[in-house]
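Asks: For reference, the structure I am asking about is given below.
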There are 2 protein chains.
Amino acid sequence: MALQKLRPEWNLRLWARSKQSVERALRFFPCVSRDEAGTASGTDLCVLCTPIGAMQSLAEKIVPALSSSATVTDVGSVKAGVVRRLETILGGRFIGSHPMTGSEQSGFDAARANLFERAVCIVTPTTNSLPASTRTVRNLWEIVGCRLVEMPPEEHDECVARVSHLPHAVAAALVNAISLRVPDAGALAGGGYRDTTRIAAGPAAMWREILLENSNGLVAGLEDLSTTLDKLKQMILSRDAAALELFLERAKAIREDLP
Amino acid sequence: MALQKLRPEWNLRLWARSKQSVERALRFFPCVSRDEAGTASGTDLCVLCTPIGAMQSLAEKIVPALSSSATVTDVGSVKAGVVRRLETILGGRFIGSHPMTGSEQSGFDAARANLFERAVCIVTPTTNSLPASTRTVRNLWEIVGCRLVEMPPEEHDECVARVSHLPHAVAAALVNAISLRVPDAGALAGGGYRDTTRIAAGPAAMWREILLENSNGLVAGLEDLSTTLDKLKQMILSRDAAALELFLERAKAIREDLP
């Protein structure tokens with residue numbers, strides 16, 4: 001939708017897996033197909049937008065149809081494993097991407113043309129990457145309005161484990177922990193509960209896959225959080241008002257510094 | 001602002017502590033004063049909107065000026081201690097309230113007339129409460145658009161420790177824990193980080209006071225959360241995809257059930 005609007009002269013094709021998705025997509029796009037190889041054939045750039053676990057077989061289906069100059073990227077939330085598997089199949093023309101946007105919603109009904117505006121997109125080239133393909137992928141995300149950050153796939157996973165996957169895990173844990181003693185928490189919820197837990201409504205199967213794929217970084221993040229929560233509990237138990245206020249001030253300063 | 005709009009025939013008076021606040025308030029209200037007793041004198045209803053720690057001395061200042069039929073309420077986020085202290089000073093005409101709305105912002109510049117619309121307001125009468133005062137306070141919050149919930153102060157504190165104070169503590173802990181390994185988290189943040197941590201930007205001194213005032217409930221909530229996070233970590237370490245998906249599904253179902 002963003003490219004239709006911003007690059008109307010581009011020849012856009014969409015692939016979808018199910019018949020139902022094809023029907024929905026046809027409301028927005030003139031060219032939608034269930035044929036992977038046919039969709040990829042002759043394109044300059046393919047963007048894989050499936051769950052992480054489906055990308056390898058999708059890449060295998062499109063590779064025979066790709067022209068030699070085609071670039072491929074993806075939008076998966078975990079990069080090291082994806083990039084390793086897809087570079088093996090596609091070579092240096094595959095460049096991993098992670099546009100950090102979206103919501104707890106999914107599917108065509110949640111699509112909007114301005115989803116990428118001002119979002120951070122992390123691009124993860126490796127020593128195998130073709131420089132021309134990296135430029136093509138960076139250009140794509142710039143066109144739709146992303147702020148680009150470039151880092152190796154492993155560094156991406158370590159950072160994103162903290163900045164994205166940990167908040168997701170915590171939002172789900174918070175909802176479940178609160179419900180242990182306040183089953184009707186929803187009836188009492190203010191904006192704090194609402195915002196802190198919003199992403200817990202995201203698709204469970206997709207997030208199960210992401211959290212397991214990035215388990216190393218996430219477990220390290222969970223351990224940092226447990227240590228931090230224990231410190232906080234000690235400040236409260238010992239009624240250390242000065243330390244507690246410093247803890248809250250520090251979080252406030254960091255949070256207010258968000259661009 | 002809400003009452004000015006919805007009950008223009010009411011005679012509204014505002015008290016503020018500092019000269020600066022009085023000047024700001026005068027932009028919105030014709031009648032603002034720094035004199036506690038003078039403001040309270042002859043009123044039917046007083047609403048105490050100060051930090052919890054300031055309420056006792058404020059109540060002591062206004063009590064000689066209150067007419068015998070006046071009702072007093074407050075908007076503090078913790079109730080058992082506040083209600084106990086203020087009932088001692090004001091008697092059964094004091095009824096605790098907690099409108100669960102607001103944001104990480106504070107002060108007159110963050111004020112808006114529709115702040116209370118559809119917000120939950122917990123009203124906490126006790127066996128000492130005058131029924132007429134409870135009706136007056138319930139009526140106030142209904143006028144400004146709140147959904148009313150009534151429960152004893154102690155039950156309020158236990159529920160709100162989980163539904164409001166725990167999310168606040170966790171948002172601050174999350175920001176601090178993430179910053180340990182990703183100091184520039186802000187540069188990578190998507191909507192998940194942004195929403196999950198929004199309330200961590202709230203006023204530190206006010207929240208320090210709230211978290212210490214409700215320490216029992218909060219510590220119990222932190223322990224429930226730690227146990228839940230440990231279970232989650234074990235699911236990830238043992239790669240138990242089924243249990244992890246169930247955990248995420250459960251949180252999703254509860255979160256989607258919010259009114």
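All residue names refer to the structure tokens as shown: chains lettered A, B, ... in order, residues numbered from 1 in each chain, ligands numbered from 1 in order.
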Using DSSP on the backbone coordinates, identify the residues of region 92-239 of chain A assigned to alpha helix (DSSP H); present them as number ranges by chain.

Replies: A: 131-143, 153-160, 166-181, 185-188, 191-197, 204-213, 215-237

Asks: So that I can see what lies close to region 41-53 of chain A, please list as a ChimeraX atom specification the residues with an atom at most 9 Å from it, counting only C-alpha atoms and leaving out residues fewer than 4 positions away in the same chain.

Replies: /A:11,13,36-37,57-59,62,64-67,69-78,82,133,136-137,206,209-210,213

Asks: Leu166 (chain A): which residues within 8 Å, counting only C-alpha atoms, same-chain residues fewer than 4 positions away excluded, as a list in words?

Replies: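 Contacts, with the query itself left out: Ala161, Arg162, Val170, Leu218, Gly221 and Leu222 of chain A.
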
Asks: I need the chosen residues saved as a CSV table (one decimal), in the first residue's frame, with N, CA and C atoms.

Replies:
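Everything below was put into out30.csv:
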chain,number,residue,atom,x,y,z
A,161,ALA,N,16.3,-8.5,21.1
A,161,ALA,CA,15.8,-9.3,22.2
A,161,ALA,C,15.4,-8.4,23.4
A,162,ARG,N,16.2,-7.4,23.6
A,162,ARG,CA,15.9,-6.4,24.7
A,162,ARG,C,14.8,-5.4,24.4
A,170,VAL,N,7.3,-9.6,28.6
A,170,VAL,CA,6.9,-9.1,29.9
A,170,VAL,C,5.4,-8.6,29.9
A,218,LEU,N,16.8,-13.4,24.5
A,218,LEU,CA,15.6,-13.2,25.4
A,218,LEU,C,15.9,-13.7,26.8
A,221,GLY,N,18.0,-11.3,28.6
A,221,GLY,CA,17.2,-10.1,28.9
A,221,GLY,C,16.3,-10.4,30.1
A,222,LEU,N,15.6,-11.5,30.1
A,222,LEU,CA,14.8,-11.9,31.2
A,222,LEU,C,15.6,-11.9,32.5

Asks: Taking the backbone alone, and naming residues the way the document does, which bits of region 36-192 of chain B are strand (DSSP E) by DSSP, as JSON, numbers by chain?

Replies: {"B": [45, 46, 47, 48, 71, 72, 73, 74, 94, 95, 96, 97, 98, 99, 120, 121, 122, 123, 124, 147, 148, 149, 150]}

Asks: So that I can see what lies close to Val219 (chain A), please list as a PyMOL selection string the residues with an atom at most 7 Å from it, counting only C-alpha atoms and leaving out residues fewer than 4 positions away in the same chain.

Replies: (chain A and resi 215+223) or (chain B and resi 233)

Asks: Once you have the residues from the selection above, write them out as a PDB file, in the first residue's frame, restricted to C-alpha atoms.

Replies:
ATOM      1  CA  SER A 215      15.881 -17.522  22.886  1.00  0.00           C
ATOM      2  CA  GLU A 223      17.662 -12.448  33.641  1.00  0.00           C
TER       3      GLU A 223
ATOM      4  CA  LYS B 233      12.056 -18.552  31.054  1.00  0.00           C
TER       5      LYS B 233
END

Asks: Give me, as a PyMOL selection string, all polymer residues having an atom no more than 10 Å from Arg135 (chain B), counting only C-alpha atoms and skipping those fewer than 4 positions away in the same chain.

Replies: chain B and resi 71+95+130-131+139-140

Asks: Keeping only N, CA and C atoms, write the selected residues to a file as a PDB file, in the first residue's frame.

Replies:
ATOM      1  N   THR B  71     -19.108  17.468  52.180  1.00  0.00           N
ATOM      2  CA  THR B  71     -18.487  16.177  51.908  1.00  0.00           C
ATOM      3  C   THR B  71     -17.080  16.428  51.373  1.00  0.00           C
ATOM      4  N   ILE B  95     -14.976  10.436  51.975  1.00  0.00           N
ATOM      5  CA  ILE B  95     -15.125   9.206  51.178  1.00  0.00           C
ATOM      6  C   ILE B  95     -13.953   9.176  50.207  1.00  0.00           C
ATOM      7  N   LEU B 130     -20.826   8.361  55.854  1.00  0.00           N
ATOM      8  CA  LEU B 130     -22.199   8.855  55.812  1.00  0.00           C
ATOM      9  C   LEU B 130     -22.777   8.512  54.435  1.00  0.00           C
ATOM     10  N   PRO B 131     -23.946   7.837  54.401  1.00  0.00           N
ATOM     11  CA  PRO B 131     -24.525   7.465  53.101  1.00  0.00           C
ATOM     12  C   PRO B 131     -24.717   8.667  52.172  1.00  0.00           C
ATOM     13  N   ASN B 139     -21.994  10.731  42.711  1.00  0.00           N
ATOM     14  CA  ASN B 139     -22.633  11.647  41.765  1.00  0.00           C
ATOM     15  C   ASN B 139     -21.582  12.504  41.039  1.00  0.00           C
ATOM     16  N   LEU B 140     -20.597  12.982  41.797  1.00  0.00           N
ATOM     17  CA  LEU B 140     -19.528  13.794  41.186  1.00  0.00           C
ATOM     18  C   LEU B 140     -18.868  13.053  40.029  1.00  0.00           C
TER      19      LEU B 140
END

Asks: Tell me, as a PyMOL selection string, which residues lie within 9 Å of Ala111 (chain A), counting only C-alpha atoms; anything in the same chain fewer than 4 positions away does not count.

Replies: chain A and resi 1+102+106-107+115

Asks: Can you write out the residues you just picked, keeping N, CA and C atoms, as a JSON list (two decimals), in the first residue's frame?

Replies:
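Below is the file result33.json, written as the result:
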[["chain", "number", "residue", "atom", "x", "y", "z"],
["A", 1, "MET", "N", 0.82, -1.20, 0.00],
["A", 1, "MET", "CA", 0.00, 0.00, 0.00],
["A", 1, "MET", "C", 0.86, 1.26, 0.00],
["A", 102, "GLY", "N", 4.28, -1.96, 13.21],
["A", 102, "GLY", "CA", 3.19, -2.92, 13.28],
["A", 102, "GLY", "C", 2.49, -2.76, 14.61],
["A", 106, "SER", "N", -3.03, -8.15, 12.95],
["A", 106, "SER", "CA", -2.36, -8.75, 11.81],
["A", 106, "SER", "C", -3.36, -8.94, 10.68],
["A", 107, "GLY", "N", -2.87, -9.29, 9.51],
["A", 107, "GLY", "CA", -3.73, -9.53, 8.36],
["A", 107, "GLY", "C", -4.00, -8.27, 7.55],
["A", 115, "LEU", "N", 2.22, 2.84, 7.57],
["A", 115, "LEU", "CA", 2.76, 2.02, 8.66],
["A", 115, "LEU", "C", 4.26, 2.25, 8.89]]

Asks: Figure out the distance between CA of Ser103 (chain A) and CA of Gly191 (chain B), please, to one decimal in Å.

Replies: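 CA of Ser103 (chain A) lies at a distance of 7.2 Å from CA of Gly191 (chain B).
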
Asks: Given only C-alpha atoms as the basis, pick out the residue of A:Ser238, A:Thr101, A:Asn114, A:Thr127 nearest to chain B.

Replies: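 Counting only C-alpha atoms, the residue closest to chain B is A:Thr101.
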
Asks: Quick check, in Å to one decimal: how far apart do CA of Ala2 (chain B) and CA of Gly145 (chain B) lie?

Replies: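 Between these atoms lies a distance of 9.2 Å.
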
Asks: Got a sec: who's within 10 Å of Ser21 (chain B), counting only C-alpha atoms, leaving out chain neighbours fewer than 2 positions off, as a PyMOL selection string?

Replies: chain B and resi 15-19+23-26+32-34+107-108

Asks: Could you please determine the separation between CA of Trp10 (chain A) and CA of Arg147 (chain A) in Å, to one decimal place?

Replies: 21.9 Å

Asks: Pick from A:Leu244, A:Val63, A:Met151, A:Leu212: nearest to Gly91 (chain A), with only C-alpha atoms counted?

Replies: A:Val63
